[in-house]
file data_14.txt (compact mmCIF, C-alpha atoms and all ligand atoms)
# COMPACT_ATOMS: atom_id res chain seq x y z
CA MET A 1248 0.00 0.00 0.00
CA ALA A 1249 1.33 3.43 -0.91
CA ALA A 1250 2.46 5.60 2.02
CA PRO A 1251 0.08 8.47 2.74
CA ALA A 1252 1.09 11.75 1.15
CA PRO A 1253 2.75 14.08 3.66
CA SER A 1254 0.58 16.91 4.93
CA PRO A 1255 1.33 20.04 2.89
CA LYS A 1256 1.76 21.89 6.19
CA SER A 1257 4.81 19.86 7.13
CA VAL A 1258 6.63 20.52 3.87
CA PRO A 1259 8.49 23.83 4.05
CA ARG A 1260 8.26 25.83 0.83
CA PRO A 1261 11.42 25.93 -1.33
CA ILE A 1262 13.44 28.93 -0.23
CA SER A 1263 14.61 31.27 -2.99
CA LYS A 1264 17.77 33.34 -2.63
CA ILE A 1265 18.14 37.13 -2.59
CA ALA A 1266 20.28 37.98 -5.61
CA ALA A 1267 21.98 41.04 -4.05
CA GLY A 1268 23.27 38.76 -1.27
CA ASN A 1269 22.75 41.51 1.33
CA LEU A 1270 20.02 43.75 2.74
CA ARG A 1271 21.95 47.02 2.97
CA ARG A 1272 18.84 49.02 2.08
CA ASP A 1273 15.28 48.28 0.92
CA GLN A 1274 16.21 48.49 -2.76
CA ASP A 1275 18.43 45.40 -2.40
CA LEU A 1276 15.22 43.34 -2.66
CA THR A 1277 13.56 43.17 -6.05
CA PRO A 1278 9.76 43.46 -5.90
CA ALA A 1279 9.55 39.67 -6.46
CA GLU A 1280 12.03 39.03 -3.64
CA LEU A 1281 10.15 41.40 -1.34
CA ARG A 1282 6.97 39.44 -2.15
CA ALA A 1283 8.81 36.17 -1.45
CA VAL A 1284 10.14 37.39 1.94
CA LEU A 1285 6.62 38.34 2.99
CA ASP A 1286 5.13 35.04 1.79
CA LEU A 1287 7.80 33.16 3.75
CA ALA A 1288 7.25 35.40 6.79
CA HIS A 1289 3.55 34.45 6.82
CA GLU A 1290 4.53 30.80 6.37
CA VAL A 1291 7.11 30.68 9.20
CA LYS A 1292 4.70 32.51 11.50
CA ALA A 1293 2.04 29.88 10.83
CA HIS A 1294 4.39 26.86 10.90
CA SER A 1295 7.41 27.87 12.98
CA ARG A 1296 8.12 24.28 14.04
CA ASP A 1297 8.85 23.28 10.45
CA TYR A 1298 11.90 25.57 10.44
CA LEU A 1299 13.56 24.57 13.73
CA ASP A 1300 16.67 23.19 12.01
CA ALA A 1301 16.75 25.40 8.94
CA LEU A 1302 19.91 27.27 10.00
CA ARG A 1303 21.56 24.55 12.07
CA GLY A 1304 25.31 25.13 12.29
CA ARG A 1305 25.09 28.70 10.92
CA PHE A 1306 26.43 31.55 13.04
CA ILE A 1307 25.74 35.25 12.81
CA ALA A 1308 27.46 38.31 14.32
CA LEU A 1309 25.24 41.12 15.59
CA LEU A 1310 26.96 44.51 15.79
CA PHE A 1311 25.11 47.39 17.43
CA GLU A 1312 26.33 51.01 17.52
CA LYS A 1313 22.96 52.13 18.95
CA PRO A 1314 20.56 50.78 21.60
CA SER A 1315 17.86 48.25 20.66
CA LEU A 1316 15.17 46.11 22.28
CA ARG A 1317 13.16 44.70 19.37
CA THR A 1318 15.77 44.35 16.64
CA ARG A 1319 18.48 42.83 18.76
CA LEU A 1320 16.28 40.38 20.65
CA THR A 1321 14.23 39.32 17.64
CA PHE A 1322 17.39 38.63 15.62
CA GLU A 1323 18.82 36.59 18.51
CA LEU A 1324 15.54 34.72 18.89
CA ALA A 1325 15.05 34.21 15.15
CA ILE A 1326 18.55 32.78 14.74
CA GLY A 1327 18.14 30.54 17.80
CA GLN A 1328 14.68 29.31 16.77
CA LEU A 1329 16.07 28.39 13.34
CA GLY A 1330 18.77 26.27 14.99
CA GLY A 1331 21.68 28.68 14.48
CA GLY A 1332 23.80 30.68 16.90
CA SER A 1333 24.83 34.29 17.35
CA VAL A 1334 27.48 36.45 18.94
CA SER A 1335 26.97 40.15 19.56
CA GLN A 1336 28.88 43.30 20.30
CA THR A 1337 27.89 46.85 21.23
CA GLY A 1338 30.02 49.82 20.21
CA MET A 1339 31.16 51.91 17.27
CA ILE A 1340 32.24 49.88 14.27
CA GLY A 1341 35.46 51.09 12.69
CA GLU A 1342 36.75 53.07 15.64
CA ARG A 1343 39.27 50.61 17.08
CA GLU A 1344 40.19 49.27 13.65
CA PRO A 1345 38.96 50.01 10.11
CA VAL A 1346 35.55 48.68 9.04
CA LYS A 1347 37.23 46.73 6.26
CA ASP A 1348 39.32 44.87 8.85
CA VAL A 1349 36.27 44.17 11.03
CA ALA A 1350 34.48 42.77 7.96
CA ARG A 1351 37.29 40.38 7.08
CA ASN A 1352 37.73 39.21 10.68
CA LEU A 1353 34.04 38.36 10.86
CA ASP A 1354 34.16 36.65 7.50
CA GLY A 1355 36.51 34.07 8.96
CA TRP A 1356 34.12 33.23 11.79
CA VAL A 1357 30.48 33.71 10.85
CA ASP A 1358 27.96 33.14 8.05
CA GLY A 1359 26.19 36.49 8.32
CA ILE A 1360 26.49 39.99 9.79
CA VAL A 1361 23.66 42.08 11.22
CA ALA A 1362 24.64 45.69 11.86
CA ARG A 1363 22.89 48.70 13.42
CA THR A 1364 24.89 51.80 12.61
CA PHE A 1365 24.86 55.56 12.53
CA ALA A 1366 26.32 55.98 9.03
CA GLN A 1367 24.81 54.05 6.10
CA GLN A 1368 28.38 54.00 4.78
CA THR A 1369 29.36 51.59 7.57
CA VAL A 1370 26.74 49.06 6.40
CA ASP A 1371 27.84 49.55 2.79
CA ASP A 1372 31.52 49.10 3.72
CA LEU A 1373 30.80 45.94 5.71
CA ALA A 1374 28.91 44.54 2.72
CA HIS A 1375 31.71 45.53 0.37
CA TRP A 1376 34.47 43.86 2.38
CA ALA A 1377 32.64 40.81 3.76
CA GLU A 1378 31.71 37.75 1.73
CA ALA A 1379 29.02 36.93 4.29
CA PRO A 1380 25.58 38.53 3.81
CA VAL A 1381 25.15 41.84 5.63
CA ILE A 1382 21.78 42.96 7.00
CA ASN A 1383 21.03 46.58 7.88
CA ALA A 1384 19.43 46.52 11.33
CA LEU A 1385 18.84 50.33 11.11
CA SER A 1386 21.09 53.10 9.95
CA ASP A 1387 20.51 56.84 9.91
CA LEU A 1388 19.05 56.40 6.40
CA TYR A 1389 17.05 53.15 6.36
CA HIS A 1390 15.32 50.56 8.55
CA PRO A 1391 14.44 47.80 6.08
CA CYS A 1392 13.90 45.00 8.65
CA GLN A 1393 11.26 47.10 10.41
CA ILE A 1394 9.37 47.61 7.20
CA LEU A 1395 9.26 43.87 6.39
CA ALA A 1396 7.42 43.33 9.68
CA ASP A 1397 5.17 46.33 9.01
CA LEU A 1398 4.17 45.08 5.57
CA GLN A 1399 3.47 41.64 7.06
CA THR A 1400 1.23 43.36 9.64
CA LEU A 1401 -0.60 45.35 6.97
CA GLU A 1402 -1.17 42.21 4.91
CA GLU A 1403 -2.57 40.43 7.98
CA ARG A 1404 -5.02 43.30 8.44
CA PHE A 1405 -5.94 44.21 4.87
CA GLY A 1406 -5.11 41.03 2.96
CA ASN A 1407 -3.36 42.91 0.19
CA LEU A 1408 -1.30 46.08 -0.02
CA LYS A 1409 -2.56 47.07 -3.46
CA GLY A 1410 -4.37 50.39 -3.30
CA ILE A 1411 -4.25 50.89 0.47
CA LYS A 1412 -3.19 54.31 1.71
CA VAL A 1413 -0.42 54.43 4.31
CA THR A 1414 0.35 57.84 5.79
CA PHE A 1415 3.47 58.54 7.82
CA VAL A 1416 3.09 61.63 10.01
CA GLY A 1417 6.32 63.07 11.39
CA ASP A 1418 10.01 63.08 10.61
CA GLY A 1419 11.22 62.19 7.11
CA ASN A 1420 13.64 59.75 8.74
CA ASN A 1421 15.01 56.23 8.27
CA VAL A 1422 11.63 54.55 8.91
CA ALA A 1423 9.79 56.93 6.56
CA HIS A 1424 12.42 56.33 3.87
CA SER A 1425 12.16 52.56 4.08
CA LEU A 1426 8.36 52.59 4.23
CA MET A 1427 8.09 54.78 1.12
CA LEU A 1428 10.58 52.58 -0.73
CA SER A 1429 8.98 49.24 0.08
CA ALA A 1430 5.22 49.72 0.58
CA THR A 1431 4.79 51.42 -2.78
CA ARG A 1432 6.60 48.67 -4.67
CA LEU A 1433 3.82 46.32 -3.59
CA GLY A 1434 1.15 48.73 -4.76
CA ALA A 1435 0.37 50.76 -1.63
CA HIS A 1436 -0.04 54.53 -1.82
CA PHE A 1437 2.33 56.31 0.56
CA THR A 1438 1.89 59.82 1.92
CA LEU A 1439 4.32 61.60 4.20
CA ALA A 1440 3.15 64.62 6.21
CA HIS A 1441 6.19 66.30 7.77
CA PRO A 1442 7.05 69.66 9.33
CA ARG A 1443 8.90 72.13 7.13
CA GLY A 1444 12.62 71.49 7.37
CA TYR A 1445 12.21 67.85 8.42
CA GLY A 1446 11.45 66.21 5.11
CA PRO A 1447 12.89 63.05 3.59
CA LYS A 1448 16.06 63.03 1.48
CA ALA A 1449 15.24 64.22 -2.04
CA GLU A 1450 17.17 61.37 -3.63
CA VAL A 1451 15.23 58.77 -1.63
CA VAL A 1452 11.92 60.33 -2.70
CA ALA A 1453 13.04 60.38 -6.33
CA GLU A 1454 14.03 56.72 -6.16
CA ALA A 1455 10.84 55.73 -4.32
CA LYS A 1456 8.73 57.48 -6.99
CA LYS A 1457 10.56 55.65 -9.75
CA LEU A 1458 10.22 52.26 -8.01
CA ALA A 1459 6.59 52.93 -7.03
CA ALA A 1460 5.60 53.40 -10.65
CA THR A 1461 6.51 49.78 -11.43
CA GLY A 1462 4.57 48.46 -8.43
CA GLY A 1463 1.49 50.58 -8.99
CA GLY A 1464 1.97 52.61 -5.81
CA LYS A 1465 2.22 56.36 -5.39
CA VAL A 1466 4.37 58.65 -3.25
CA LYS A 1467 2.99 61.96 -2.01
CA ILE A 1468 4.63 64.48 0.30
CA THR A 1469 2.75 67.22 2.15
CA LEU A 1470 3.23 69.64 5.04
CA ASP A 1471 -0.41 69.28 6.12
CA PRO A 1472 -1.09 66.38 8.55
CA GLU A 1473 -4.90 66.63 8.16
CA GLU A 1474 -4.71 66.48 4.40
CA GLY A 1475 -2.17 63.64 4.71
CA VAL A 1476 -4.40 61.36 6.79
CA GLU A 1477 -7.54 61.90 4.75
CA ASP A 1478 -8.78 58.47 3.56
CA ALA A 1479 -5.75 56.73 5.11
CA ASP A 1480 -6.01 53.02 5.94
CA ALA A 1481 -2.94 53.22 8.18
CA ILE A 1482 -1.31 56.08 10.06
CA TYR A 1483 2.31 55.54 11.03
CA THR A 1484 4.48 57.69 13.25
CA ASP A 1485 7.89 57.56 14.90
CA VAL A 1486 9.84 59.56 17.48
CA TRP A 1487 10.48 63.23 16.68
CA ALA A 1488 14.21 62.89 17.49
CA SER A 1489 15.86 59.67 16.39
CA MET A 1490 18.86 58.01 18.00
CA GLY A 1491 21.78 60.38 17.58
CA GLN A 1492 19.50 63.45 17.38
CA GLU A 1493 18.69 63.62 21.09
CA HIS A 1494 20.42 67.03 21.37
CA GLU A 1495 17.84 68.43 18.90
CA ALA A 1496 14.86 67.09 20.87
CA TYR A 1497 13.80 70.41 22.43
CA GLU A 1498 14.04 72.41 19.22
CA ARG A 1499 12.22 69.71 17.26
CA MET A 1500 9.31 69.70 19.71
CA VAL A 1501 8.21 73.16 18.59
CA HIS A 1502 8.08 72.11 14.93
CA PHE A 1503 6.53 68.67 15.47
CA GLU A 1504 3.76 69.59 17.96
CA PRO A 1505 1.09 69.98 15.19
CA TYR A 1506 2.06 66.53 13.86
CA ARG A 1507 1.14 64.53 16.98
CA VAL A 1508 -0.98 61.51 16.06
CA ASP A 1509 -3.72 61.91 18.66
CA GLU A 1510 -7.32 60.73 18.78
CA GLU A 1511 -8.46 63.78 16.80
CA LEU A 1512 -6.07 63.09 13.91
CA MET A 1513 -6.89 59.36 13.93
CA ALA A 1514 -10.58 60.27 13.58
CA LYS A 1515 -9.81 62.06 10.31
CA ALA A 1516 -8.53 58.85 8.69
CA LYS A 1517 -10.74 56.10 7.27
CA LYS A 1518 -13.02 54.30 9.71
CA GLY A 1519 -11.09 51.18 10.75
CA ALA A 1520 -7.70 52.73 10.03
CA VAL A 1521 -4.81 51.20 11.97
CA PHE A 1522 -2.23 53.05 14.03
CA MET A 1523 1.39 51.98 13.51
CA HIS A 1524 4.64 52.81 15.28
CA CYS A 1525 8.01 51.09 15.05
CA LEU A 1526 8.56 51.66 18.81
CA PRO A 1527 9.97 52.79 21.16
CA ALA A 1528 7.24 55.46 21.42
CA LYS A 1529 7.23 58.67 23.41
CA ARG A 1530 3.65 58.94 24.62
CA GLY A 1531 2.66 62.63 24.86
CA GLN A 1532 4.99 63.57 22.00
CA GLU A 1533 4.46 61.93 18.59
CA THR A 1534 1.35 60.11 19.83
CA THR A 1535 -0.83 59.67 22.91
CA ASP A 1536 -1.33 56.90 25.40
CA GLY A 1537 -4.95 56.75 24.21
CA VAL A 1538 -4.00 56.05 20.58
CA MET A 1539 -1.28 53.56 21.56
CA GLU A 1540 -3.80 51.60 23.68
CA SER A 1541 -6.74 52.01 21.30
CA ARG A 1542 -8.37 49.29 19.18
CA HIS A 1543 -6.71 50.94 16.16
CA SER A 1544 -3.22 50.19 17.43
CA VAL A 1545 -1.26 47.33 15.84
CA VAL A 1546 2.08 48.31 17.36
CA PHE A 1547 2.63 45.08 19.26
CA GLN A 1548 1.63 43.01 16.24
CA GLN A 1549 4.33 44.91 14.31
CA ALA A 1550 6.81 44.12 17.09
CA GLU A 1551 5.89 40.43 17.06
CA ASN A 1552 6.27 40.27 13.30
CA ARG A 1553 9.86 41.49 13.56
CA LEU A 1554 10.64 37.92 14.65
CA HIS A 1555 8.84 36.21 11.76
CA ALA A 1556 9.90 38.61 9.01
CA GLN A 1557 13.56 38.41 10.06
CA LYS A 1558 13.39 34.62 10.10
CA ALA A 1559 12.21 34.76 6.49
CA LEU A 1560 14.96 37.21 5.58
CA LEU A 1561 17.67 35.10 7.24
CA LEU A 1562 16.41 31.98 5.48
CA MET A 1563 16.49 33.70 2.10
CA LEU A 1564 19.98 35.10 2.65
CA LEU A 1565 21.60 32.17 4.44
CA SER A 1566 20.00 28.82 3.70
CA GLU A 1567 21.83 26.56 1.30
N1 LIG A 1601 11.69 49.28 16.18
C1 LIG A 1601 12.97 49.01 16.53
O1 LIG A 1601 13.88 48.86 15.68
O2 LIG A 1601 13.14 48.87 17.85
P1 LIG A 1601 14.55 48.77 18.59
O3 LIG A 1601 15.24 50.09 18.43
O4 LIG A 1601 14.21 48.47 20.04
O5 LIG A 1601 15.33 47.68 17.97
N1 LIG A 1602 13.77 56.62 13.82
C1 LIG A 1602 14.10 55.89 15.01
C2 LIG A 1602 13.68 54.47 14.88
C3 LIG A 1602 13.93 53.61 16.09
C4 LIG A 1602 13.53 52.19 15.88
C5 LIG A 1602 15.58 56.01 15.30
O1 LIG A 1602 16.37 55.94 14.34
O2 LIG A 1602 15.95 56.19 16.45

call {"tool": "encode", "arguments": {"input": "data_14.txt", "output": "structure tokens"}}
result
Amino acid sequence: MAAPAPSPKSVPRPISKIAAGNLRRDQDLTPAELRAVLDLAHEVKAHSRDYLDALRGRFIALLFEKPSLRTRLTFELAIGQLGGGSVSQTGMIGEREPVKDVARNLDGWVDGIVARTFAQQTVDDLAHWAEAPVINALSDLYHPCQILADLQTLEERFGNLKGIKVTFVGDGNNVAHSLMLSATRLGAHFTLAHPRGYGPKAEVVAEAKKLAATGGGKVKITLDPEEGVEDADAIYTDVWASMGQEHEAYERMVHFEPYRVDEELMAKAKKGAVFMHCLPAKRGQETTDGVMESRHSVVFQQAENRLHAQKALLLMLLSE
């Protein structure tokens, strides 16, 4: 008698590779690869036990120039839950010895490098000098791992990103850059409402607009938060002063005050709109305790998905 066919659930999907070999910035993923990371993220979230050995014997170095709760712990957990191991270090990369030397030391020991940096150049230099895949765990310019989890969260809520409107209210920073680059490539419409003088980098907007056109998404930039959130399906915000900008916090407060995502601004979005934040949040500044704790808030779902999305990313960069 023929053996029963295995349950489809217990057969992990074939894992495709990321051609760029790194995730230095969002654009390192083609739209098809971005789609594949998200599909795999949904799959590993639903069937995590099927991937317990997927990275057995693979080791990854985690380098952090800045503090972290979510990114650092979810990378450590993701690697461990896939059967691999990690080592980590806190401190400036390239201060005690050149970045190119750090990269080649690590290359002799580990299969991958995860780095949170101030300068994007540090991530780029690590990727240039190391054979091992390099993952940007946040730089001053981009936060691509965050956005993978955010897109997973939006797909869980809306089913599909095509045609949904995502509005970021606040600083044109790393998170805003990555969100505009990635959401639009999967067909979402992205609006950024920012205070004058705190807009995104012009070259990132130009690139996002070009990439969005192929995915069917749109990029819009405005100074008016009320206009920005009109008809929005999701409102996203982040701290007014990012890591490394703490000395500007007081001055920024004056400019950002009208951009607080409070209950009143949420009410101007679509009924059923979700509230998103990468965390950590400063309640009373960029948002309120009421919005964070409201039924609109998906912030902890985003945080949970960091684990699943990064597992998918690691599998696509590291599995054989
Ligand atoms: N959202 C995020 O990257 O959080 P951490 O700074 O705690 O890693
Ligand atoms: N824009 C913030 C994000 C923190 C996850 C920062 O860079 O500090």

call {"tool": "closest_residue", "arguments": {"input": "data_14.txt", "among": "A:Glu1473, A:Glu1551, A:Glu1344, A:Asp1536", "to": "ligand LIG 1601 (chain A)", "atoms": "all atoms listed in the file"}}
result
A:Glu1551

call {"tool": "residues_around", "arguments": {"input": "data_14.txt", "residues": "Glu1342 (chain A)", "least_positions_apart": "5", "cutoff": "12 Å", "atoms": "only C-alpha atoms", "output": "NGL selection string"}}
result
:A and (1312 or 1347-1349 or 1369)

call {"tool": "write_last_selection", "arguments": {"input": "data_14.txt", "atoms": "C-alpha atoms", "output": "mmCIF file, in the frame of the given file"}}
result
data_model
loop_
_atom_site.group_PDB
_atom_site.id
_atom_site.type_symbol
_atom_site.label_atom_id
_atom_site.label_comp_id
_atom_site.auth_asym_id
_atom_site.auth_seq_id
_atom_site.Cartn_x
_atom_site.Cartn_y
_atom_site.Cartn_z
ATOM 1 C CA GLU A 1312 26.330 51.010 17.520
ATOM 2 C CA LYS A 1347 37.230 46.730 6.260
ATOM 3 C CA ASP A 1348 39.320 44.870 8.850
ATOM 4 C CA VAL A 1349 36.270 44.170 11.030
ATOM 5 C CA THR A 1369 29.360 51.590 7.570
#

call {"tool": "residues_around", "arguments": {"input": "data_14.txt", "residues": "Ala1460 (chain A)", "least_positions_apart": "6", "cutoff": "10 Å", "atoms": "all atoms listed in the file", "output": "list in words"}}
result
Thr1431, Arg1432, Gly1434 and Val1466 of chain A

call {"tool": "closest_residue", "arguments": {"input": "data_14.txt", "among": "A:Ala1266, A:Leu1385, A:Met1523, A:Ala1377", "to": "ligand LIG 1602 (chain A)", "atoms": "all atoms listed in the file"}}
result
A:Leu1385

call {"tool": "residues_around", "arguments": {"input": "data_14.txt", "residues": "region 1480-1485 of chain A", "least_positions_apart": "4", "cutoff": "9 Å", "atoms": "all atoms listed in the file", "output": "PyMOL selection string"}}
result
chain A and resi 1401+1405+1411-1418+1420+1422-1423+1476+1489+1507-1508+1513+1516-1529+1533-1534

call {"tool": "residues_near_ligand", "arguments": {"input": "data_14.txt", "ligand": "ligand LIG 1601 (chain A)", "cutoff": "6 Å", "atoms": "all atoms listed in the file", "output": "number ranges by chain"}}
result
A: 1315-1319, 1525-1526

call {"tool": "atom_distance", "arguments": {"input": "data_14.txt", "atom1": "CA of Leu1388 (chain A)", "atom2": "CA of Met1427 (chain A)"}}
result
12.3 Å

call {"tool": "residues_near_point", "arguments": {"input": "data_14.txt", "point": "(36.4, 49.1, 14.0)", "cutoff": "12 Å", "atoms": "only C-alpha atoms", "output": "ChimeraX atom specification"}}
result
/A:1310-1312,1336-1353,1364,1369,1372-1373

call {"tool": "residues_around", "arguments": {"input": "data_14.txt", "residues": "Leu1398 (chain A)", "least_positions_apart": "2", "cutoff": "12 Å", "atoms": "all atoms listed in the file", "output": "PyMOL selection string"}}
result
chain A and resi 1281-1282+1284-1286+1288-1289+1391-1396+1400-1409+1411+1413+1425-1435+1481+1483+1523+1525+1545+1548-1550+1552-1553+1555-1556

call {"tool": "closest_residue", "arguments": {"input": "data_14.txt", "among": "A:Glu1323, A:Glu1493, A:Asp1471, A:Asp1273", "to": "ligand LIG 1602 (chain A)", "atoms": "all atoms listed in the file"}}
result
A:Glu1493

call {"tool": "atom_distance", "arguments": {"input": "data_14.txt", "atom1": "CA of Arg1499 (chain A)", "atom2": "CA of Thr1535 (chain A)"}}
result
17.4 Å

call {"tool": "closest_residue", "arguments": {"input": "data_14.txt", "among": "A:Gln1328, A:Asn1269, A:Gln1492, A:Gln1557", "to": "Asp1297 (chain A)", "atoms": "only C-alpha atoms"}}
result
A:Gln1328

call {"tool": "closest_residue", "arguments": {"input": "data_14.txt", "among": "A:Ala1293, A:Ala1384, A:Leu1329, A:Leu1299", "to": "ligand LIG 1602 (chain A)", "atoms": "all atoms listed in the file"}}
result
A:Ala1384

call {"tool": "atom_distance", "arguments": {"input": "data_14.txt", "atom1": "CA of Glu1454 (chain A)", "atom2": "CA of Ser1263 (chain A)"}}
result
25.7 Å

call {"tool": "residues_near_point", "arguments": {"input": "data_14.txt", "point": "(32.5, 34.4, 13.6)", "cutoff": "7 Å", "atoms": "only C-alpha atoms", "output": "MDAnalysis selection string"}}
result
chainID A and resid 1306:1308 1353:1357

call {"tool": "closest_residue", "arguments": {"input": "data_14.txt", "among": "A:Gly1410, A:Gly1359, A:Gly1475, A:Gly1419", "to": "ligand LIG 1602 (chain A)", "atoms": "all atoms listed in the file"}}
result
A:Gly1419
